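What follows is a single structure, written as structure tokens, with notes after it.
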Amino acid sequence: MLDQTTVSQGLAELGLDGSSTVLVHASLRSFGHVAGGAATVCRALAATCGTVMMLAGSGDLTRVPAPPGLIRPHNAYFTADSWPEFDEIVASRVPFAADLPVDKWLGTIAETMRCTVAHERGAHPLLSFLATGTHARRLVAAQRVEWPLGPIEELAALGGDVLLLGVGHTSNTTIHLAEQRLGRARFYRYAIGAPGVWQELPNIPGDSHRFEEIEPHLRAATAETRIGSCHARRIPATEVLRAADRLIRADPGAMLCDDPDCRCTAALKQRLAAL
């Protein structure tokens, strides 16, 4: 059974301390049995690191389809069949609020961080981040509606790290930033901006199911340990961005699949158009 002390010791083995700024992607299940569950992991992260950031999102409650007739090239998104259908969906969604739950696909640890640790949270209707600690406000303030991955740029500028706790690079959002800097995976999506009012949001990232292909290119820069049964990895954000940039410049389709029905195909077309 793991407790806060053993989780903190594992984080320290990765070289993390009070000066560290980390973007965390985590799976609670990967740790095995943790006394106190996700709250224990959150406390260990906050106690060990100077600044902790996680993707929070809110699209489970705010996302809507594209309205009828609004089709953007290489956007890979569904459109409502009619205005009555669209209006019905809009009426069923809510605008972003700081107390909305974290999107379920992001896991228990991120939602527990929201509920149990004092934090700052961005206001992006689909891709908010939450952060706690020394640089929390600075990171969150770097997010703009038109540039939702701004907090990751700020993390890299601070010399921060990506922390993968029991998850792979398919959860590594920093790779999406490298894509978007090169004109790839910059999708338009739609969400509620105010009650009954929808808005179009640019530069939403796409699929990541082939991102594990970056792993050999990051091995030398990766610190690793085991925390219980959790495979824990720390990689400098700048190294992730550098490796992804090299791969995509060498091959526009790097880390993308060739399924014509997948968003990967649209992302590739965006990159080719940018070239």
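Chain labels A, B, ... are given in the sequence in which chains occur in the structure tokens; within each chain residues are numbered consecutively from 1, and ligands are likewise numbered from 1 in the order shown.
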Requested in this report: Find the residues around Arg246 in chain A up to 10 Å (only C-alpha atoms counted), leave out those fewer than 6 positions away in its own chain, and share them as a list in words.
Outcome: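 Residues near the query, excluding close chain neighbours: Ala178, His217 and Ala254 of chain A.
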Next, dump the selected residues to file, keeping only N, CA and C atoms, as an mmCIF file, in the first residue's frame.
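So selection-v9.cif came out as:
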```cif
data_model
loop_
_atom_site.group_PDB
_atom_site.id
_atom_site.type_symbol
_atom_site.label_atom_id
_atom_site.label_comp_id
_atom_site.auth_asym_id
_atom_site.auth_seq_id
_atom_site.Cartn_x
_atom_site.Cartn_y
_atom_site.Cartn_z
ATOM 1 N N ALA A 178 3.800 21.189 -30.352
ATOM 2 C CA ALA A 178 4.783 21.119 -31.439
ATOM 3 C C ALA A 178 4.082 20.997 -32.787
ATOM 4 N N HIS A 217 12.902 8.604 -29.297
ATOM 5 C CA HIS A 217 13.583 9.872 -29.524
ATOM 6 C C HIS A 217 13.709 10.690 -28.241
ATOM 7 N N ALA A 254 4.465 12.202 -39.511
ATOM 8 C CA ALA A 254 5.029 11.559 -38.324
ATOM 9 C C ALA A 254 4.009 11.522 -37.198
#
```
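Around His176 in chain A, within 9 Å and counting only C-alpha atoms, the residues found are A:Leu149, A:Asn172, A:Thr173, A:Glu179, A:Gln180, A:Arg181, A:Arg184, A:Ala185, A:Pro205, A:Gly206, A:Asp207, A:Ser208, A:Leu241, A:Ala244, once anything fewer than 3 positions away on its own chain is removed.
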Query raised in the report: Which residues come within 8 Å of Met255 in chain A, counting only C-alpha atoms, excluding same-chain residues fewer than 5 positions away, as a PyMOL selection string?
Result: chain A and resi 208+210-214
Query raised in the report: Got a sec to tell me which of range 28-174 of chain A DSSP assigns to alpha helix (DSSP H), as a ChimeraX atom specification?
Result: /A:38-48,59-62,83-92,108-116,136-141,150-157,174
Suppose we keep N, CA and C atoms; can you now write the selection as a CSV table (one decimal), in the first residue's frame?
```csv
chain,number,residue,atom,x,y,z
A,38,ALA,N,-6.8,9.1,-4.8
A,38,ALA,CA,-6.3,10.2,-5.7
A,38,ALA,C,-5.8,11.4,-4.8
A,39,ALA,N,-6.5,11.7,-3.7
A,39,ALA,CA,-6.2,12.8,-2.9
A,39,ALA,C,-4.8,12.7,-2.4
A,40,THR,N,-4.3,11.5,-2.1
A,40,THR,CA,-3.0,11.3,-1.6
A,40,THR,C,-1.9,11.6,-2.7
A,41,VAL,N,-2.2,11.2,-3.9
A,41,VAL,CA,-1.3,11.5,-5.0
A,41,VAL,C,-1.3,13.0,-5.2
A,42,CYS,N,-2.4,13.7,-5.2
A,42,CYS,CA,-2.5,15.1,-5.3
A,42,CYS,C,-1.7,15.9,-4.3
A,43,ARG,N,-1.8,15.4,-3.0
A,43,ARG,CA,-1.0,16.0,-1.9
A,43,ARG,C,0.5,15.8,-2.1
A,44,ALA,N,0.8,14.6,-2.5
A,44,ALA,CA,2.3,14.4,-2.8
A,44,ALA,C,2.8,15.2,-3.9
A,45,LEU,N,2.1,15.4,-5.0
A,45,LEU,CA,2.5,16.3,-6.0
A,45,LEU,C,2.7,17.7,-5.6
A,46,ALA,N,1.7,18.2,-4.9
A,46,ALA,CA,1.7,19.6,-4.4
A,46,ALA,C,2.8,19.8,-3.4
A,47,ALA,N,3.1,18.8,-2.5
A,47,ALA,CA,4.1,19.0,-1.5
A,47,ALA,C,5.5,18.9,-2.0
A,48,THR,N,5.7,18.1,-3.1
A,48,THR,CA,7.0,17.8,-3.7
A,48,THR,C,7.4,18.9,-4.7
A,59,GLY,N,-15.2,20.1,-21.9
A,59,GLY,CA,-16.0,19.9,-23.1
A,59,GLY,C,-17.1,18.9,-22.9
A,60,ASP,N,-17.1,18.0,-21.8
A,60,ASP,CA,-18.2,17.1,-21.6
A,60,ASP,C,-19.5,17.8,-21.4
A,61,LEU,N,-19.4,19.1,-20.9
A,61,LEU,CA,-20.6,19.8,-20.6
A,61,LEU,C,-20.8,21.0,-21.5
A,62,THR,N,-19.7,21.5,-22.2
A,62,THR,CA,-19.8,22.7,-23.0
A,62,THR,C,-19.8,22.5,-24.5
A,83,TRP,N,-31.1,23.1,-38.0
A,83,TRP,CA,-31.0,24.1,-36.9
A,83,TRP,C,-31.8,23.7,-35.7
A,84,PRO,N,-33.0,23.1,-35.8
A,84,PRO,CA,-33.7,22.6,-34.6
A,84,PRO,C,-32.9,21.7,-33.8
A,85,GLU,N,-32.2,20.7,-34.5
A,85,GLU,CA,-31.3,19.8,-33.7
A,85,GLU,C,-30.2,20.6,-33.0
A,86,PHE,N,-29.6,21.5,-33.8
A,86,PHE,CA,-28.5,22.3,-33.2
A,86,PHE,C,-29.0,23.1,-32.0
A,87,ASP,N,-30.1,23.8,-32.1
A,87,ASP,CA,-30.6,24.6,-31.1
A,87,ASP,C,-30.9,23.8,-29.8
A,88,GLU,N,-31.4,22.6,-30.0
A,88,GLU,CA,-31.7,21.7,-28.9
A,88,GLU,C,-30.4,21.3,-28.2
A,89,ILE,N,-29.4,21.0,-28.9
A,89,ILE,CA,-28.1,20.7,-28.3
A,89,ILE,C,-27.6,21.9,-27.5
A,90,VAL,N,-27.6,23.0,-28.1
A,90,VAL,CA,-27.1,24.3,-27.5
A,90,VAL,C,-27.9,24.5,-26.2
A,91,ALA,N,-29.2,24.3,-26.2
A,91,ALA,CA,-30.0,24.5,-25.0
A,91,ALA,C,-29.6,23.5,-23.8
A,92,SER,N,-29.1,22.3,-24.2
A,92,SER,CA,-28.7,21.3,-23.2
A,92,SER,C,-27.4,21.5,-22.6
A,108,THR,N,-9.2,10.5,-12.6
A,108,THR,CA,-9.6,10.9,-11.3
A,108,THR,C,-8.7,11.8,-10.6
A,109,ILE,N,-7.4,11.8,-10.9
A,109,ILE,CA,-6.4,12.6,-10.2
A,109,ILE,C,-6.7,14.1,-10.6
A,110,ALA,N,-6.9,14.4,-11.8
A,110,ALA,CA,-7.1,15.8,-12.2
A,110,ALA,C,-8.4,16.3,-11.5
A,111,GLU,N,-9.5,15.5,-11.5
A,111,GLU,CA,-10.7,16.0,-10.9
A,111,GLU,C,-10.5,16.1,-9.4
A,112,THR,N,-9.7,15.3,-8.7
A,112,THR,CA,-9.5,15.4,-7.3
A,112,THR,C,-8.6,16.6,-7.0
A,113,MET,N,-7.7,16.9,-7.9
A,113,MET,CA,-6.9,18.1,-7.7
A,113,MET,C,-7.8,19.3,-7.7
A,114,ARG,N,-8.8,19.3,-8.6
A,114,ARG,CA,-9.7,20.5,-8.7
A,114,ARG,C,-10.5,20.6,-7.4
A,115,CYS,N,-10.9,19.5,-6.8
A,115,CYS,CA,-11.8,19.5,-5.6
A,115,CYS,C,-11.0,19.7,-4.3
A,116,THR,N,-9.7,19.3,-4.3
A,116,THR,CA,-9.1,19.3,-2.9
A,116,THR,C,-7.9,20.2,-2.8
A,136,ALA,N,1.5,29.1,-10.7
A,136,ALA,CA,0.2,28.7,-11.2
A,136,ALA,C,-0.5,29.9,-12.0
A,137,ARG,N,-0.5,31.0,-11.4
A,137,ARG,CA,-1.2,32.2,-12.1
A,137,ARG,C,-0.5,32.5,-13.4
A,138,ARG,N,0.8,32.5,-13.5
A,138,ARG,CA,1.5,32.8,-14.7
A,138,ARG,C,1.2,31.8,-15.8
A,139,LEU,N,1.1,30.5,-15.5
A,139,LEU,CA,0.8,29.5,-16.4
A,139,LEU,C,-0.6,29.6,-17.0
A,140,VAL,N,-1.5,29.8,-16.1
A,140,VAL,CA,-2.9,29.9,-16.5
A,140,VAL,C,-3.2,31.1,-17.4
A,141,ALA,N,-2.5,32.2,-17.0
A,141,ALA,CA,-2.7,33.5,-17.7
A,141,ALA,C,-2.1,33.4,-19.1
A,150,GLY,N,-1.2,27.7,-24.8
A,150,GLY,CA,-0.3,28.7,-24.3
A,150,GLY,C,0.4,28.3,-23.0
A,151,PRO,N,-0.4,27.7,-22.0
A,151,PRO,CA,0.3,27.4,-20.7
A,151,PRO,C,1.4,26.4,-20.9
A,152,ILE,N,1.4,25.6,-21.9
A,152,ILE,CA,2.5,24.6,-22.2
A,152,ILE,C,3.7,25.4,-22.7
A,153,GLU,N,3.5,26.4,-23.5
A,153,GLU,CA,4.6,27.2,-24.0
A,153,GLU,C,5.3,27.9,-22.8
A,154,GLU,N,4.4,28.4,-21.8
A,154,GLU,CA,5.0,29.0,-20.6
A,154,GLU,C,5.7,28.1,-19.8
A,155,LEU,N,5.2,26.8,-19.6
A,155,LEU,CA,5.8,25.8,-18.9
A,155,LEU,C,7.2,25.5,-19.5
A,156,ALA,N,7.3,25.4,-20.8
A,156,ALA,CA,8.6,25.2,-21.4
A,156,ALA,C,9.6,26.4,-21.2
A,157,ALA,N,9.0,27.6,-21.2
A,157,ALA,CA,9.9,28.8,-21.0
A,157,ALA,C,10.4,28.8,-19.5
A,174,THR,N,1.9,18.0,-24.7
A,174,THR,CA,3.0,18.9,-25.2
A,174,THR,C,3.3,18.6,-26.7
```
**Report entry** Pairwise distance for CA of Ala194 in chain A and CA of Arg263 in chain A, rounded to one decimal in Å
**Finding:** 28.1 Å
Requested in this report: Considering only C-alpha atoms, return as a list in words whatever protein or nucleic-acid residues lie within 9 Å of Pro195 in chain A, sequence-local ones (same chain, fewer than 2 positions apart) excluded.
Outcome: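 These residues fall inside the cut-off: Val90, Ala91, Arg93, Val94, Pro95, Ile192, Gly193, Val197 and Trp198 of chain A.
Minimum atom-to-atom distances from A:Ala123, A:His25, A:Arg271, A:His231 to Leu256 in chain A were compared using only C-alpha atoms, and the lowest value belongs to A:Arg271.
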All residues 12 Å or closer to Pro260 in chain A, only C-alpha atoms, same chain fewer than 5 positions away omitted, as a PDB file with C-alpha atoms, in the first residue's frame:
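Writing done, so here's result14.pdb:
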```pdb
ATOM      1  CA  HIS A  74      -9.678  19.640 -43.118  1.00  0.00           C
ATOM      2  CA  ALA A  76     -12.761  16.548 -39.235  1.00  0.00           C
ATOM      3  CA  THR A 265      -5.692  12.513 -42.135  1.00  0.00           C
ATOM      4  CA  ALA A 266      -7.073  16.026 -41.723  1.00  0.00           C
ATOM      5  CA  ALA A 267      -4.073  17.008 -39.584  1.00  0.00           C
ATOM      6  CA  LEU A 268      -1.704  15.805 -42.315  1.00  0.00           C
ATOM      7  CA  LYS A 269      -3.568  17.822 -44.932  1.00  0.00           C
TER       8      LYS A 269
END
```
Requested in this report: Report the distance between CA of Asp251 in chain A and CA of Leu272 in chain A in Å, rounded to one decimal place.
Outcome: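 Taking CA of Asp251 in chain A and CA of Leu272 in chain A, their separation equals 10.3 Å.
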Query - Expected answer as number ranges by chain: strand (DSSP E or B) residues in range 44-258 of chain A - result: A: 51-55, 63-64, 66, 79, 120-121, 129-133, 144, 147, 161-165, 187-194, 197-204, 223-227, 230-236
